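Student: I have a structure here, written as C-alpha cells, and I will follow up with some questions on it.
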Amino acid sequence: MDVVPRVELTSAAAELLRRLRTEHGPLMFHQSGGCCDGSAPMCYLAGEFRTGGSDVLLADLEVEGVAEPVSFWMSKSQFELWSHTRLTVDVVPGRGSGFSLEAPEGVRFLIRSRVVGA
C-alpha cells in the first residue's frame with residue numbers, strides 16, 4: 001500500500017521556497033484556523049513562530065535545493081477539522097499576510113485540500 005503524504009508542494013511553491021530560503025535562511029510553515037489570512041499557510045523563519053502543545057507537526061517537507069526540511073505545523077484545533085484531508089501548498093498571485101515571508105513577492109501561499117481516498 002502506497003503512503004499518501006499528508007502535505008505536498010506544487011512546483012511553484014517549491015521554487016518560491018528555494019528563493020525565500022536563499023534570501024532569509026531556514027523556513028517553516030504554520031497553518032492556523034483563523035479567519036482571513038489566518039486560514040492561509042504562513043511561512044516564517046524556522047523557529048520564529050513558537051509552536052507548542054496546541055500545534056501538530058504534519059510534515060517535514062523535503063525541497064530540492066533546500067538544505068534542510070521545511071516543517072509544516074498546524075494548530076491542533078484546525079487539524080481536528082482537516083485530519084481526513086491531504087494538503088497541497090501552492091502559490092497564487094496576490095498579496096497575503098504581511099507576516100508571511102512571501103508577502104513582498106506579490107504572491108501568497110494557498111492550501112488546496114482533498115479528502116483522503118478521493
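Following the order of the C-alpha cells, first chain is A, next is B, and so on, with residues numbered from 1 inside each chain and ligands from 1 in the order they appear.
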With only C-alpha atoms as the counted atoms, please give the residues lying no more than 12 Å from region 43-51 of chain A, apart from itself and same-chain residues fewer than 4 positions off, as a PyMOL selection string.

Tutor: chain A and resi 13+16-17+20-32+37-38+55-57+60+68-76+89+91+96-103+108-110

Student: Going by DSSP on the backbone, which residues of region 39-107 of chain A come out as strand (DSSP E)? List them as a list of chain:residue names.

Tutor: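 DSSP-assigned strand (DSSP E) residues in region 39-107 of chain A: A:Met42, A:Cys43, A:Tyr44, A:Leu45, A:Asp55, A:Val56, A:Leu57, A:Leu58, A:Ala59, A:Asp60, A:Leu61, A:Val70, A:Ser71, A:Phe72, A:Trp73, A:Met74, A:Ser75, A:Thr85, A:Arg86, A:Leu87, A:Thr88, A:Val89, A:Asp90, A:Val91, A:Val92, A:Pro93, A:Val107.
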
Student: For the residues in that selection, give me C-alpha atoms as a JSON list (two decimals), in the first residue's frame.

Tutor:
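Below is the file that was written, out-v3.json:
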```
[["chain", "number", "residue", "atom", "x", "y", "z"],
["A", 42, "MET", "CA", 2.16, 31.33, 6.88],
["A", 43, "CYS", "CA", 5.84, 30.97, 6.03],
["A", 44, "TYR", "CA", 8.31, 32.05, 8.71],
["A", 45, "LEU", "CA", 11.97, 31.73, 9.51],
["A", 55, "ASP", "CA", 0.16, 22.52, 17.41],
["A", 56, "VAL", "CA", 0.69, 19.37, 15.33],
["A", 57, "LEU", "CA", 3.73, 18.74, 13.09],
["A", 58, "LEU", "CA", 2.23, 17.37, 9.86],
["A", 59, "ALA", "CA", 5.35, 17.10, 7.74],
["A", 60, "ASP", "CA", 8.99, 17.90, 7.28],
["A", 61, "LEU", "CA", 8.92, 18.85, 3.61],
["A", 70, "VAL", "CA", 10.71, 22.85, 5.84],
["A", 71, "SER", "CA", 8.47, 21.91, 8.76],
["A", 72, "PHE", "CA", 4.71, 22.25, 8.30],
["A", 73, "TRP", "CA", 2.75, 22.83, 11.51],
["A", 74, "MET", "CA", -0.98, 23.18, 12.04],
["A", 75, "SER", "CA", -2.98, 24.23, 15.06],
["A", 85, "THR", "CA", -7.57, 15.62, 4.08],
["A", 86, "ARG", "CA", -4.30, 15.75, 2.21],
["A", 87, "LEU", "CA", -2.93, 19.25, 1.67],
["A", 88, "THR", "CA", -1.07, 20.78, -1.24],
["A", 89, "VAL", "CA", 0.79, 24.05, -0.71],
["A", 90, "ASP", "CA", 0.52, 26.20, -3.83],
["A", 91, "VAL", "CA", 1.33, 29.80, -4.79],
["A", 92, "VAL", "CA", -1.11, 32.26, -6.34],
["A", 93, "PRO", "CA", -0.80, 35.91, -7.38],
["A", 107, "VAL", "CA", 2.20, 36.25, -4.30]]
```

Student: Would you give me, as a compact mmCIF listing (two decimals) with all heavy atoms, in the first residue's frame, the residues in chain A that DSSP reads as helix (DSSP H, G or I)?

Tutor:
```txt
# COMPACT_ATOMS: atom_id res chain seq x y z
N SER A 11 5.17 22.63 -7.80
CA SER A 11 6.50 23.06 -8.25
C SER A 11 6.67 24.57 -8.04
O SER A 11 7.77 25.03 -7.72
CB SER A 11 6.73 22.68 -9.71
OG SER A 11 5.73 23.25 -10.53
N ALA A 12 5.60 25.34 -8.18
CA ALA A 12 5.68 26.79 -7.95
C ALA A 12 5.99 27.09 -6.48
O ALA A 12 6.79 27.99 -6.18
CB ALA A 12 4.38 27.48 -8.38
N ALA A 13 5.38 26.35 -5.57
CA ALA A 13 5.64 26.55 -4.14
C ALA A 13 7.08 26.17 -3.81
O ALA A 13 7.75 26.87 -3.05
CB ALA A 13 4.66 25.75 -3.29
N ALA A 14 7.56 25.08 -4.38
CA ALA A 14 8.94 24.66 -4.14
C ALA A 14 9.93 25.71 -4.64
O ALA A 14 10.92 26.03 -3.96
CB ALA A 14 9.20 23.30 -4.79
N GLU A 15 9.67 26.27 -5.82
CA GLU A 15 10.55 27.30 -6.37
C GLU A 15 10.57 28.53 -5.47
O GLU A 15 11.62 29.09 -5.19
CB GLU A 15 10.10 27.68 -7.78
CG GLU A 15 10.91 28.81 -8.40
CD GLU A 15 12.41 28.53 -8.47
OE1 GLU A 15 12.81 27.37 -8.66
OE2 GLU A 15 13.20 29.49 -8.30
N LEU A 16 9.41 28.96 -5.00
CA LEU A 16 9.36 30.11 -4.11
C LEU A 16 10.09 29.82 -2.79
O LEU A 16 10.81 30.67 -2.28
CB LEU A 16 7.91 30.52 -3.83
CG LEU A 16 7.70 31.72 -2.92
CD1 LEU A 16 8.46 32.96 -3.41
CD2 LEU A 16 6.21 32.01 -2.77
N LEU A 17 9.94 28.62 -2.27
CA LEU A 17 10.66 28.26 -1.04
C LEU A 17 12.16 28.30 -1.25
O LEU A 17 12.91 28.73 -0.37
CB LEU A 17 10.22 26.88 -0.55
CG LEU A 17 8.83 26.84 0.09
CD1 LEU A 17 8.41 25.40 0.35
CD2 LEU A 17 8.78 27.66 1.37
N ARG A 18 12.64 27.87 -2.42
CA ARG A 18 14.09 27.95 -2.70
C ARG A 18 14.55 29.40 -2.67
O ARG A 18 15.59 29.73 -2.07
CB ARG A 18 14.42 27.31 -4.05
CG ARG A 18 14.45 25.80 -4.01
CD ARG A 18 14.99 25.21 -5.30
NE ARG A 18 13.99 25.24 -6.37
CZ ARG A 18 13.04 24.32 -6.54
NH1 ARG A 18 12.93 23.31 -5.70
NH2 ARG A 18 12.21 24.42 -7.55
N ARG A 19 13.78 30.30 -3.29
CA ARG A 19 14.16 31.72 -3.29
C ARG A 19 14.11 32.31 -1.88
O ARG A 19 15.02 33.04 -1.47
CB ARG A 19 13.23 32.51 -4.21
CG ARG A 19 13.45 32.22 -5.66
CD ARG A 19 12.82 33.22 -6.63
NE ARG A 19 11.63 33.89 -6.21
CZ ARG A 19 10.39 33.61 -6.65
NH1 ARG A 19 10.20 32.64 -7.50
NH2 ARG A 19 9.37 34.33 -6.23
N LEU A 20 13.04 31.99 -1.13
CA LEU A 20 12.93 32.51 0.23
C LEU A 20 14.03 31.97 1.13
O LEU A 20 14.57 32.69 1.97
CB LEU A 20 11.56 32.17 0.82
CG LEU A 20 10.35 32.87 0.17
CD1 LEU A 20 9.05 32.31 0.74
CD2 LEU A 20 10.43 34.38 0.34
N ARG A 21 14.41 30.71 0.94
CA ARG A 21 15.48 30.11 1.75
C ARG A 21 16.80 30.81 1.47
O ARG A 21 17.57 31.11 2.39
CB ARG A 21 15.59 28.61 1.45
CG ARG A 21 16.81 27.90 2.02
CD ARG A 21 16.88 28.06 3.53
NE ARG A 21 17.97 27.33 4.12
CZ ARG A 21 19.19 27.83 4.35
NH1 ARG A 21 19.49 29.07 4.00
NH2 ARG A 21 20.10 27.08 4.95
N THR A 22 17.09 31.10 0.20
CA THR A 22 18.32 31.79 -0.17
C THR A 22 18.37 33.18 0.46
O THR A 22 19.40 33.61 0.97
CB THR A 22 18.44 31.91 -1.70
OG1 THR A 22 18.50 30.58 -2.25
CG2 THR A 22 19.67 32.69 -2.11
N GLU A 23 17.24 33.85 0.47
CA GLU A 23 17.19 35.22 0.99
C GLU A 23 17.14 35.30 2.52
O GLU A 23 17.75 36.17 3.12
CB GLU A 23 15.96 35.94 0.42
CG GLU A 23 15.90 37.39 0.81
CD GLU A 23 14.76 38.12 0.11
OE1 GLU A 23 14.26 37.64 -0.92
OE2 GLU A 23 14.37 39.19 0.63
N HIS A 24 16.42 34.36 3.16
CA HIS A 24 16.13 34.50 4.59
C HIS A 24 16.77 33.45 5.50
O HIS A 24 16.95 33.70 6.68
CB HIS A 24 14.61 34.48 4.82
CG HIS A 24 13.89 35.58 4.14
ND1 HIS A 24 13.91 36.89 4.57
CD2 HIS A 24 13.11 35.57 3.03
CE1 HIS A 24 13.18 37.63 3.76
NE2 HIS A 24 12.68 36.86 2.83
N CYS A 36 -9.72 35.07 7.53
CA CYS A 36 -8.96 35.88 6.58
C CYS A 36 -7.61 35.24 6.28
O CYS A 36 -7.54 34.08 5.97
CB CYS A 36 -8.82 37.31 7.10
SG CYS A 36 -10.39 38.06 7.53
N ASP A 37 -6.53 36.00 6.42
CA ASP A 37 -5.21 35.44 6.13
C ASP A 37 -4.80 34.38 7.14
O ASP A 37 -3.89 33.60 6.87
CB ASP A 37 -4.15 36.54 6.09
CG ASP A 37 -4.22 37.35 4.81
OD1 ASP A 37 -4.66 36.78 3.79
OD2 ASP A 37 -3.85 38.52 4.82
N GLY A 38 -5.44 34.34 8.30
CA GLY A 38 -5.11 33.33 9.29
C GLY A 38 -5.45 31.93 8.84
O GLY A 38 -5.00 30.96 9.42
N SER A 39 -6.23 31.79 7.77
CA SER A 39 -6.55 30.47 7.25
C SER A 39 -5.58 30.05 6.15
O SER A 39 -5.70 28.96 5.60
CB SER A 39 -7.99 30.43 6.75
OG SER A 39 -8.18 31.39 5.73
N LYS A 76 -3.74 22.44 16.48
CA LYS A 76 -4.42 21.18 16.80
C LYS A 76 -5.92 21.26 16.49
O LYS A 76 -6.50 20.32 15.97
CB LYS A 76 -4.19 20.82 18.26
CG LYS A 76 -4.60 19.41 18.62
CD LYS A 76 -4.33 19.11 20.09
CE LYS A 76 -2.86 18.89 20.30
NZ LYS A 76 -2.55 18.43 21.68
N SER A 77 -6.53 22.40 16.80
CA SER A 77 -7.97 22.54 16.54
C SER A 77 -8.27 22.49 15.04
O SER A 77 -9.28 21.92 14.62
CB SER A 77 -8.50 23.82 17.15
OG SER A 77 -7.85 24.95 16.60
N GLN A 78 -7.40 23.07 14.21
CA GLN A 78 -7.57 23.01 12.76
C GLN A 78 -7.34 21.59 12.26
O GLN A 78 -8.06 21.11 11.40
CB GLN A 78 -6.63 23.99 12.07
CG GLN A 78 -6.84 24.08 10.58
CD GLN A 78 -8.09 24.83 10.20
OE1 GLN A 78 -8.77 25.42 11.03
NE2 GLN A 78 -8.44 24.79 8.94
N PHE A 79 -6.35 20.91 12.82
CA PHE A 79 -6.06 19.54 12.41
C PHE A 79 -7.25 18.61 12.68
O PHE A 79 -7.54 17.72 11.88
CB PHE A 79 -4.81 19.01 13.12
CG PHE A 79 -4.50 17.59 12.77
CD1 PHE A 79 -4.03 17.27 11.50
CD2 PHE A 79 -4.68 16.58 13.68
CE1 PHE A 79 -3.74 15.96 11.16
CE2 PHE A 79 -4.39 15.26 13.35
CZ PHE A 79 -3.93 14.96 12.09
N GLU A 80 -7.95 18.84 13.77
CA GLU A 80 -9.13 18.02 14.07
C GLU A 80 -10.17 18.14 12.96
O GLU A 80 -10.84 17.17 12.64
CB GLU A 80 -9.72 18.42 15.42
CG GLU A 80 -8.85 18.01 16.59
CD GLU A 80 -9.33 18.56 17.93
OE1 GLU A 80 -10.43 19.14 18.00
OE2 GLU A 80 -8.58 18.39 18.91
N LEU A 81 -10.28 19.30 12.36
CA LEU A 81 -11.23 19.51 11.26
C LEU A 81 -10.70 18.97 9.93
O LEU A 81 -11.47 18.55 9.08
CB LEU A 81 -11.56 20.99 11.12
CG LEU A 81 -12.20 21.65 12.33
CD1 LEU A 81 -12.27 23.16 12.14
CD2 LEU A 81 -13.59 21.07 12.58
N TRP A 82 -9.39 19.02 9.73
CA TRP A 82 -8.79 18.66 8.45
C TRP A 82 -8.07 17.31 8.47
O TRP A 82 -7.36 16.98 7.54
CB TRP A 82 -7.79 19.74 8.03
CG TRP A 82 -8.41 21.01 7.57
CD1 TRP A 82 -9.70 21.41 7.69
CD2 TRP A 82 -7.74 22.06 6.88
NE1 TRP A 82 -9.88 22.65 7.14
CE2 TRP A 82 -8.70 23.07 6.63
CE3 TRP A 82 -6.44 22.25 6.45
CZ2 TRP A 82 -8.37 24.25 5.97
CZ3 TRP A 82 -6.11 23.43 5.80
CH2 TRP A 82 -7.08 24.42 5.56
N ALA A 103 5.01 37.71 1.33
CA ALA A 103 4.16 38.89 1.12
C ALA A 103 4.79 39.94 0.19
O ALA A 103 4.11 40.43 -0.71
CB ALA A 103 3.77 39.51 2.46
N PRO A 104 6.06 40.29 0.34
CA PRO A 104 6.63 41.31 -0.55
C PRO A 104 6.81 40.85 -2.00
O PRO A 104 7.07 41.66 -2.87
CB PRO A 104 8.00 41.61 0.08
CG PRO A 104 7.93 41.10 1.47
CD PRO A 104 6.97 39.97 1.44
N GLU A 105 6.66 39.55 -2.25
CA GLU A 105 6.87 38.99 -3.59
C GLU A 105 5.67 39.19 -4.52
O GLU A 105 5.74 38.87 -5.69
CB GLU A 105 7.16 37.48 -3.49
CG GLU A 105 8.34 37.13 -2.62
CD GLU A 105 9.67 37.39 -3.30
OE1 GLU A 105 9.77 37.20 -4.52
OE2 GLU A 105 10.61 37.81 -2.60
```
